[in-house]
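File shown here: data.cif, holding mmCIF, C-alpha atoms and all ligand atoms.
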```cif
data_protein
loop_
_atom_site.label_atom_id
_atom_site.label_comp_id
_atom_site.auth_asym_id
_atom_site.auth_seq_id
_atom_site.Cartn_x
_atom_site.Cartn_y
_atom_site.Cartn_z
CA MET A 1 122.95 53.47 128.24
CA LYS A 2 121.71 56.64 126.63
CA ILE A 3 119.08 58.82 128.29
CA GLY A 4 117.35 61.64 126.46
CA VAL A 5 116.38 64.71 128.46
CA LEU A 6 113.55 66.66 126.89
CA ALA A 7 114.94 70.18 126.62
CA LEU A 8 112.07 72.30 125.34
CA GLN A 9 111.59 74.17 128.62
CA GLY A 10 112.25 73.68 132.32
CA ALA A 11 114.82 72.03 134.58
CA PHE A 12 116.62 69.76 132.11
CA ARG A 13 120.28 70.58 132.87
CA GLU A 14 120.09 69.25 136.43
CA HIS A 15 118.67 65.91 135.29
CA ARG A 16 121.45 65.58 132.79
CA LYS A 17 124.09 66.06 135.45
CA LEU A 18 122.62 63.42 137.78
CA PHE A 19 122.43 60.80 135.03
CA GLU A 20 125.98 61.55 133.94
CA ASP A 21 127.17 61.26 137.54
CA LEU A 22 125.71 57.74 137.42
CA GLY A 23 127.65 56.89 134.29
CA ALA A 24 124.84 57.17 131.74
CA GLU A 25 125.25 59.02 128.48
CA THR A 26 122.73 61.82 127.99
CA THR A 27 121.47 63.83 125.09
CA LEU A 28 119.15 66.83 124.92
CA VAL A 29 115.97 66.18 122.97
CA LYS A 30 114.52 69.07 121.01
CA LEU A 31 113.62 67.43 117.70
CA PRO A 32 112.16 64.04 116.69
CA GLU A 33 115.51 62.83 115.32
CA HIS A 34 117.06 63.26 118.77
CA LEU A 35 114.94 60.31 119.96
CA GLU A 36 116.91 57.86 117.85
CA GLY A 37 119.10 55.42 119.72
CA LEU A 38 117.80 56.36 123.17
CA ASN A 39 117.10 53.85 125.94
CA GLY A 40 114.97 56.17 128.06
CA LEU A 41 113.56 59.69 128.20
CA VAL A 42 113.05 62.26 130.97
CA ILE A 43 110.38 64.95 130.86
CA PRO A 44 111.52 67.58 133.36
CA GLY A 45 109.68 70.04 135.55
CA GLY A 46 108.77 73.45 134.22
CA GLU A 47 105.36 74.47 132.98
CA SER A 48 103.23 71.67 131.60
CA THR A 49 101.09 73.79 129.28
CA THR A 50 104.23 75.21 127.66
CA ILE A 51 105.95 71.81 127.43
CA GLY A 52 102.79 70.30 125.91
CA LYS A 53 102.49 73.11 123.39
CA LEU A 54 106.15 72.80 122.37
CA LEU A 55 105.89 69.00 122.09
CA ARG A 56 103.15 69.56 119.51
CA GLU A 57 104.98 72.38 117.70
CA TYR A 58 108.21 70.39 117.39
CA ASN A 59 106.37 67.25 116.22
CA LEU A 60 107.51 65.32 119.25
CA LEU A 61 104.13 64.51 120.78
CA GLN A 62 103.25 61.62 118.49
CA PRO A 63 106.69 59.91 118.39
CA VAL A 64 107.04 60.09 122.18
CA GLN A 65 103.50 58.75 122.57
CA SER A 66 104.32 55.79 120.31
CA LEU A 67 107.53 55.05 122.21
CA GLY A 68 105.69 55.13 125.52
CA GLN A 69 103.03 52.75 124.24
CA GLU A 70 105.74 50.33 123.07
CA GLY A 71 107.27 50.03 126.54
CA PHE A 72 110.06 52.60 126.24
CA PRO A 73 110.93 53.96 129.73
CA ILE A 74 109.84 57.53 130.41
CA LEU A 75 110.31 59.50 133.63
CA GLY A 76 108.20 62.60 134.25
CA THR A 77 108.98 64.97 137.10
CA CYS A 78 106.57 67.69 138.25
CA ALA A 79 105.32 69.28 134.99
CA GLY A 80 106.57 66.05 133.35
CA MET A 81 104.14 64.08 135.51
CA ILE A 82 101.30 66.26 134.21
CA VAL A 83 102.49 65.78 130.61
CA LEU A 84 102.48 61.97 131.06
CA ALA A 85 99.01 61.77 132.66
CA LYS A 86 95.94 60.41 130.92
CA GLN A 87 93.78 62.94 132.76
CA ILE A 88 94.42 66.44 134.03
CA LEU A 89 91.74 67.84 136.32
CA GLY A 90 89.98 70.79 134.71
CA ALA A 91 91.69 70.35 131.34
CA PRO A 92 89.75 69.25 128.26
CA GLU A 93 92.50 66.96 127.01
CA PRO A 94 95.81 65.46 128.13
CA HIS A 95 99.23 65.96 126.54
CA LEU A 96 100.91 62.57 126.06
CA GLY A 97 98.05 60.77 127.82
CA LEU A 98 100.24 57.71 128.47
CA MET A 99 100.04 57.01 132.19
CA ASP A 100 96.82 55.91 133.86
CA ILE A 101 96.74 58.67 136.46
CA THR A 102 94.56 61.73 137.06
CA VAL A 103 96.60 64.71 138.20
CA ASP A 104 95.68 67.87 140.00
CA ARG A 105 98.00 70.69 138.90
CA ASN A 106 99.32 73.14 141.49
CA SER A 107 97.67 71.07 144.17
CA PHE A 108 99.73 72.24 147.10
CA GLY A 109 98.31 75.77 146.98
CA ARG A 110 99.76 79.23 147.09
CA GLN A 111 100.77 79.36 150.71
CA ARG A 112 103.02 76.37 150.10
CA GLU A 113 104.24 77.16 146.59
CA SER A 114 107.63 75.64 147.34
CA PHE A 115 108.75 73.43 150.17
CA GLU A 116 111.13 70.64 150.95
CA THR A 117 110.23 67.55 152.88
CA ASP A 118 111.67 64.12 153.59
CA LEU A 119 109.70 61.38 151.89
CA ASP A 120 109.50 57.69 152.58
CA ILE A 121 109.96 55.93 149.22
CA PRO A 122 110.38 52.21 150.07
CA VAL A 123 111.58 51.16 146.57
CA ILE A 124 114.84 53.08 147.07
CA GLY A 125 115.52 51.98 150.63
CA SER A 126 114.65 53.04 154.13
CA GLU A 127 116.56 56.32 154.20
CA LEU A 128 114.17 59.25 153.59
CA PHE A 129 114.46 61.15 150.31
CA PRO A 130 114.78 64.97 150.35
CA ALA A 131 112.00 66.10 148.01
CA VAL A 132 111.61 69.64 146.68
CA PHE A 133 108.06 70.57 145.68
CA ILE A 134 107.58 73.62 143.45
CA ARG A 135 103.96 74.43 142.56
CA ALA A 136 103.69 70.68 142.47
CA PRO A 137 100.89 68.51 141.14
CA HIS A 138 99.66 65.41 142.93
CA VAL A 139 98.05 62.25 141.67
CA GLN A 140 94.39 62.37 142.56
CA LYS A 141 93.51 58.96 141.14
CA VAL A 142 95.49 55.95 139.92
CA GLY A 143 94.41 53.28 137.46
CA GLU A 144 94.62 49.54 138.15
CA GLY A 145 98.09 48.97 136.72
CA VAL A 146 99.67 51.82 138.65
CA THR A 147 101.83 51.29 141.72
CA VAL A 148 101.98 54.08 144.29
CA LEU A 149 105.63 54.68 145.29
CA ALA A 150 105.16 57.49 147.80
CA ARG A 151 102.61 59.68 149.52
CA TYR A 152 102.89 63.04 151.19
CA ASN A 153 100.07 63.89 153.65
CA ASP A 154 97.94 61.14 152.10
CA ARG A 155 98.46 62.49 148.59
CA VAL A 156 100.13 60.32 145.98
CA VAL A 157 103.34 62.06 144.86
CA ALA A 158 105.26 59.21 143.18
CA ALA A 159 103.94 56.40 140.99
CA ARG A 160 104.95 53.81 138.44
CA GLU A 161 103.06 52.04 135.67
CA ASP A 162 105.35 49.52 133.94
CA ASN A 163 107.79 51.63 131.87
CA LEU A 164 106.38 54.95 133.11
CA VAL A 165 107.50 56.68 136.30
CA ALA A 166 106.25 60.00 137.66
CA PHE A 167 107.21 62.21 140.60
CA SER A 168 105.38 65.36 141.78
CA PHE A 169 108.62 66.81 143.09
CA HIS A 170 112.07 67.61 141.70
CA PRO A 171 114.51 64.75 142.44
CA GLU A 172 117.18 66.47 140.32
CA LEU A 173 117.58 69.40 142.74
CA THR A 174 118.94 67.81 145.88
CA GLY A 175 121.94 65.79 144.70
CA ASP A 176 120.44 62.52 145.94
CA HIS A 177 120.91 60.10 143.04
CA ARG A 178 118.70 57.24 144.22
CA LEU A 179 115.61 58.02 142.14
CA HIS A 180 117.70 58.51 139.00
CA ARG A 181 119.37 55.17 139.80
CA TYR A 182 115.89 53.64 140.20
CA PHE A 183 114.92 54.88 136.73
CA LEU A 184 118.20 53.64 135.20
CA ASP A 185 117.45 50.19 136.64
CA ILE A 186 114.09 50.22 134.85
CA VAL A 187 115.87 51.28 131.64
CA GLU A 188 118.38 48.44 132.05
CA GLN A 189 115.59 45.89 132.48
CA ALA A 190 113.62 47.18 129.47
N1 LIG B 201 102.31 73.05 138.29
C1 LIG B 201 103.19 73.25 137.17
C2 LIG B 201 102.47 72.94 135.86
O1 LIG B 201 101.30 72.90 135.80
C3 LIG B 201 104.41 72.38 137.29
C4 LIG B 201 105.39 73.01 138.22
C5 LIG B 201 106.79 72.43 138.12
O2 LIG B 201 107.13 71.66 137.22
N2 LIG B 201 107.64 72.84 139.02
O3 LIG B 201 103.10 72.77 134.87
#
```
Could you quickly redo this structure as structure tokens?
Ligand code: GLN
Amino acid sequence: MKIGVLALQGAFREHRKLFEDLGAETTLVKLPEHLEGLNGLVIPGGESTTIGKLLREYNLLQPVQSLGQEGFPILGTCAGMIVLAKQILGAPEPHLGLMDITVDRNSFGRQRESFETDLDIPVIGSELFPAVFIRAPHVQKVGEGVTVLARYNDRVVAAREDNLVAFSFHPELTGDHRLHRYFLDIVEQA
């Protein structure tokens, strides 16, 4: 299985390591030709406006959009969640606009810019998941086909819509492989 990690900006190295620990092959995606032969793609955390701008500049926006529409598995974490969303509160237009969610950027406020908390995510088992939030977005609204995977203080922070998975937090930073395993299972089934 070969997973592409979008490497335009942000926390891509850590994702790569976790997937390789799980036995997947990984490749860094910076150009459209790097999408060839992949079974799944990760859009990491970072800064969504920058990632969106670079996706356009490197002619990746349209090919990734087409893949996503065809059922190709894509995981977005933090800024990646914002890049996947169909609607971004306060923004005139989305980036990839693939996933039927409305996101609120930076929704956890200044006083809590970064924090770690243990989340209950039933799809990966009963043991709580250590989640690191860094200027994290949350999902303010989900469309009909979207399954909520986790909430933090009543806010949706993890969701799935068929081949698309999004987390508000950074699952690549704590060394817990379960959410990467969860995504690989979706890739295997696709
Ligand atoms: N809130 C940031 C954004 O708008 C995302 C922060 C992150 O990825 N750690 O892009």
What separation in Å, quoted to one decimal, exists between atom C4 of ligand LIG 201 (chain B) and atom CA of A:Gly37? 29.0 Å
Which one is closest to A:Lys86: A:Glu36, A:Glu70, A:Glu161, A:Glu57? Count all atoms listed in the file.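 Result for the nearest residue to A:Lys86: A:Glu161.
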Set the distance at 8 Å and use all atoms listed in the file: which residues neighbour A:Leu119 once local chain neighbours fewer than 4 positions away are removed? I'd like the list as a list in words.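 What passes the distance filter is Leu128, Phe129, Pro130, Ala131, Ala150, Arg151 and Tyr152 of chain A.
Between atom CA of A:Pro122 and atom CA of A:Leu149 the interatomic distance comes to 7.2 Å.
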Please identify every polymer residue within 7 Å of ligand LIG 201 (chain B), using only C-alpha atoms and all ligand atoms, and present the set as a PyMOL selection string. chain A and resi 45-49+77-80+82+105-106+134-137
Residues as selected, C-alpha atoms, written as a compact mmCIF listing (two decimals), keeping the file's coordinate frame, can you do that?
```txt
# COMPACT_ATOMS: atom_id res chain seq x y z
CA GLY A 45 109.68 70.04 135.55
CA GLY A 46 108.77 73.45 134.22
CA GLU A 47 105.36 74.47 132.98
CA SER A 48 103.23 71.67 131.60
CA THR A 49 101.09 73.79 129.28
CA THR A 77 108.98 64.97 137.10
CA CYS A 78 106.57 67.69 138.25
CA ALA A 79 105.32 69.28 134.99
CA GLY A 80 106.57 66.05 133.35
CA ILE A 82 101.30 66.26 134.21
CA ARG A 105 98.00 70.69 138.90
CA ASN A 106 99.32 73.14 141.49
CA ILE A 134 107.58 73.62 143.45
CA ARG A 135 103.96 74.43 142.56
CA ALA A 136 103.69 70.68 142.47
CA PRO A 137 100.89 68.51 141.14
```
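Here atom CA of A:Val29 and atom CA of A:Arg160 stand 22.7 Å from one another.
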Measuring atom to atom with all atoms listed in the file, identify which of A:Leu54, A:Leu164, A:Val156, A:Ala85 is nearest to A:Leu41. A:Leu164
For A:His170, please output as a ChimeraX atom specification all residues within 6 Å (counting only C-alpha atoms; exclusion window: fewer than 2 positions along the same chain). /A:132,172-173
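Distances to A:Arg16 were evaluated for A:Phe183, A:Val165, A:Ile3, A:Phe133 using all atoms listed in the file, and the minimum falls at A:Ile3.
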Counting all atoms listed in the file, which residues sit no farther than 9 Å from the position (103.1, 45.5, 130.9) in the file's frame? I'd like them as JSON, numbers by chain. {"A": [71, 145, 161, 162, 163]}
Can you tell me which residues surround A:Ser107 at a distance of at most 10 Å, considering all atoms listed in the file, apart from same-chain residues fewer than 5 positions away, and format the answer as a ChimeraX atom specification? /A:112-113,135-140,155,168
Of the candidates A:Ala7, A:Ile51, A:Pro171, A:Thr102, which one gets nearest to A:Asp118 if we count all atoms listed in the file?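 Of A:Ala7, A:Ile51, A:Pro171, A:Thr102, the one nearest A:Asp118, counting all atoms listed in the file, is A:Pro171.
Candidate residues A:Thr147, A:Asn153, A:Thr174, A:Asn59 were compared for distance to A:Lys30, and the nearest is A:Asn59, using all atoms listed in the file.
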Which residue of A:Met81, A:Met99, A:Ile74, A:Leu184 approaches A:Ala158 most closely, using all atoms listed in the file: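 For A:Ala158, the nearest of the given residues is A:Met81.
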Any chance you could model N, CA and C atoms for stretch 87-110 of chain A and send them as a PDB file, in the frame of the given file?
```pdb
ATOM      1  N   GLN A  87      94.783  61.924 132.439  1.00  0.00           N
ATOM      2  CA  GLN A  87      93.780  62.940 132.760  1.00  0.00           C
ATOM      3  C   GLN A  87      94.351  64.036 133.627  1.00  0.00           C
ATOM      4  N   ILE A  88      94.002  65.267 133.257  1.00  0.00           N
ATOM      5  CA  ILE A  88      94.420  66.440 134.030  1.00  0.00           C
ATOM      6  C   ILE A  88      93.136  67.128 134.489  1.00  0.00           C
ATOM      7  N   LEU A  89      92.980  67.234 135.802  1.00  0.00           N
ATOM      8  CA  LEU A  89      91.740  67.840 136.320  1.00  0.00           C
ATOM      9  C   LEU A  89      91.520  69.227 135.738  1.00  0.00           C
ATOM     10  N   GLY A  90      90.317  69.468 135.234  1.00  0.00           N
ATOM     11  CA  GLY A  90      89.980  70.790 134.710  1.00  0.00           C
ATOM     12  C   GLY A  90      90.459  71.067 133.305  1.00  0.00           C
ATOM     13  N   ALA A  91      91.199  70.123 132.710  1.00  0.00           N
ATOM     14  CA  ALA A  91      91.690  70.350 131.340  1.00  0.00           C
ATOM     15  C   ALA A  91      90.897  69.480 130.368  1.00  0.00           C
ATOM     16  N   PRO A  92      90.565  70.008 129.211  1.00  0.00           N
ATOM     17  CA  PRO A  92      89.750  69.250 128.260  1.00  0.00           C
ATOM     18  C   PRO A  92      90.471  68.016 127.702  1.00  0.00           C
ATOM     19  N   GLU A  93      91.777  68.122 127.538  1.00  0.00           N
ATOM     20  CA  GLU A  93      92.500  66.960 127.010  1.00  0.00           C
ATOM     21  C   GLU A  93      93.909  66.849 127.582  1.00  0.00           C
ATOM     22  N   PRO A  94      94.457  65.627 127.578  1.00  0.00           N
ATOM     23  CA  PRO A  94      95.810  65.460 128.130  1.00  0.00           C
ATOM     24  C   PRO A  94      96.867  65.858 127.104  1.00  0.00           C
ATOM     25  N   HIS A  95      98.135  65.720 127.494  1.00  0.00           N
ATOM     26  CA  HIS A  95      99.230  65.960 126.540  1.00  0.00           C
ATOM     27  C   HIS A  95      99.627  64.609 125.949  1.00  0.00           C
ATOM     28  N   LEU A  96     100.549  63.888 126.597  1.00  0.00           N
ATOM     29  CA  LEU A  96     100.910  62.570 126.060  1.00  0.00           C
ATOM     30  C   LEU A  96      99.810  61.535 126.352  1.00  0.00           C
ATOM     31  N   GLY A  97      99.139  61.684 127.476  1.00  0.00           N
ATOM     32  CA  GLY A  97      98.050  60.770 127.820  1.00  0.00           C
ATOM     33  C   GLY A  97      98.499  59.316 127.895  1.00  0.00           C
ATOM     34  N   LEU A  98      99.682  59.074 128.451  1.00  0.00           N
ATOM     35  CA  LEU A  98     100.240  57.710 128.470  1.00  0.00           C
ATOM     36  C   LEU A  98      99.976  56.971 129.781  1.00  0.00           C
ATOM     37  N   MET A  99     100.054  57.684 130.892  1.00  0.00           N
ATOM     38  CA  MET A  99     100.040  57.010 132.190  1.00  0.00           C
ATOM     39  C   MET A  99      98.646  57.107 132.808  1.00  0.00           C
ATOM     40  N   ASP A 100      98.190  55.981 133.360  1.00  0.00           N
ATOM     41  CA  ASP A 100      96.820  55.910 133.860  1.00  0.00           C
ATOM     42  C   ASP A 100      96.667  56.576 135.236  1.00  0.00           C
ATOM     43  N   ILE A 101      96.883  57.890 135.231  1.00  0.00           N
ATOM     44  CA  ILE A 101      96.740  58.670 136.460  1.00  0.00           C
ATOM     45  C   ILE A 101      95.934  59.939 136.143  1.00  0.00           C
ATOM     46  N   THR A 102      95.226  60.432 137.172  1.00  0.00           N
ATOM     47  CA  THR A 102      94.560  61.730 137.060  1.00  0.00           C
ATOM     48  C   THR A 102      95.334  62.676 137.957  1.00  0.00           C
ATOM     49  N   VAL A 103      95.785  63.787 137.398  1.00  0.00           N
ATOM     50  CA  VAL A 103      96.600  64.710 138.200  1.00  0.00           C
ATOM     51  C   VAL A 103      95.875  66.025 138.453  1.00  0.00           C
ATOM     52  N   ASP A 104      96.180  66.566 139.611  1.00  0.00           N
ATOM     53  CA  ASP A 104      95.680  67.870 140.000  1.00  0.00           C
ATOM     54  C   ASP A 104      96.894  68.797 139.931  1.00  0.00           C
ATOM     55  N   ARG A 105      96.865  69.760 139.046  1.00  0.00           N
ATOM     56  CA  ARG A 105      98.000  70.690 138.900  1.00  0.00           C
ATOM     57  C   ARG A 105      98.031  71.634 140.100  1.00  0.00           C
ATOM     58  N   ASN A 106      99.194  72.112 140.448  1.00  0.00           N
ATOM     59  CA  ASN A 106      99.320  73.140 141.490  1.00  0.00           C
ATOM     60  C   ASN A 106      98.532  72.774 142.750  1.00  0.00           C
ATOM     61  N   SER A 107      98.590  71.525 143.136  1.00  0.00           N
ATOM     62  CA  SER A 107      97.670  71.070 144.170  1.00  0.00           C
ATOM     63  C   SER A 107      98.101  71.429 145.577  1.00  0.00           C
ATOM     64  N   PHE A 108      99.303  71.928 145.735  1.00  0.00           N
ATOM     65  CA  PHE A 108      99.730  72.240 147.100  1.00  0.00           C
ATOM     66  C   PHE A 108      99.475  73.698 147.484  1.00  0.00           C
ATOM     67  N   GLY A 109      98.812  74.449 146.609  1.00  0.00           N
ATOM     68  CA  GLY A 109      98.310  75.770 146.980  1.00  0.00           C
ATOM     69  C   GLY A 109      99.349  76.854 147.098  1.00  0.00           C
ATOM     70  N   ARG A 110      98.882  78.059 147.097  1.00  0.00           N
ATOM     71  CA  ARG A 110      99.760  79.230 147.090  1.00  0.00           C
ATOM     72  C   ARG A 110     100.634  79.362 148.324  1.00  0.00           C
TER      73      ARG A 110
END
```
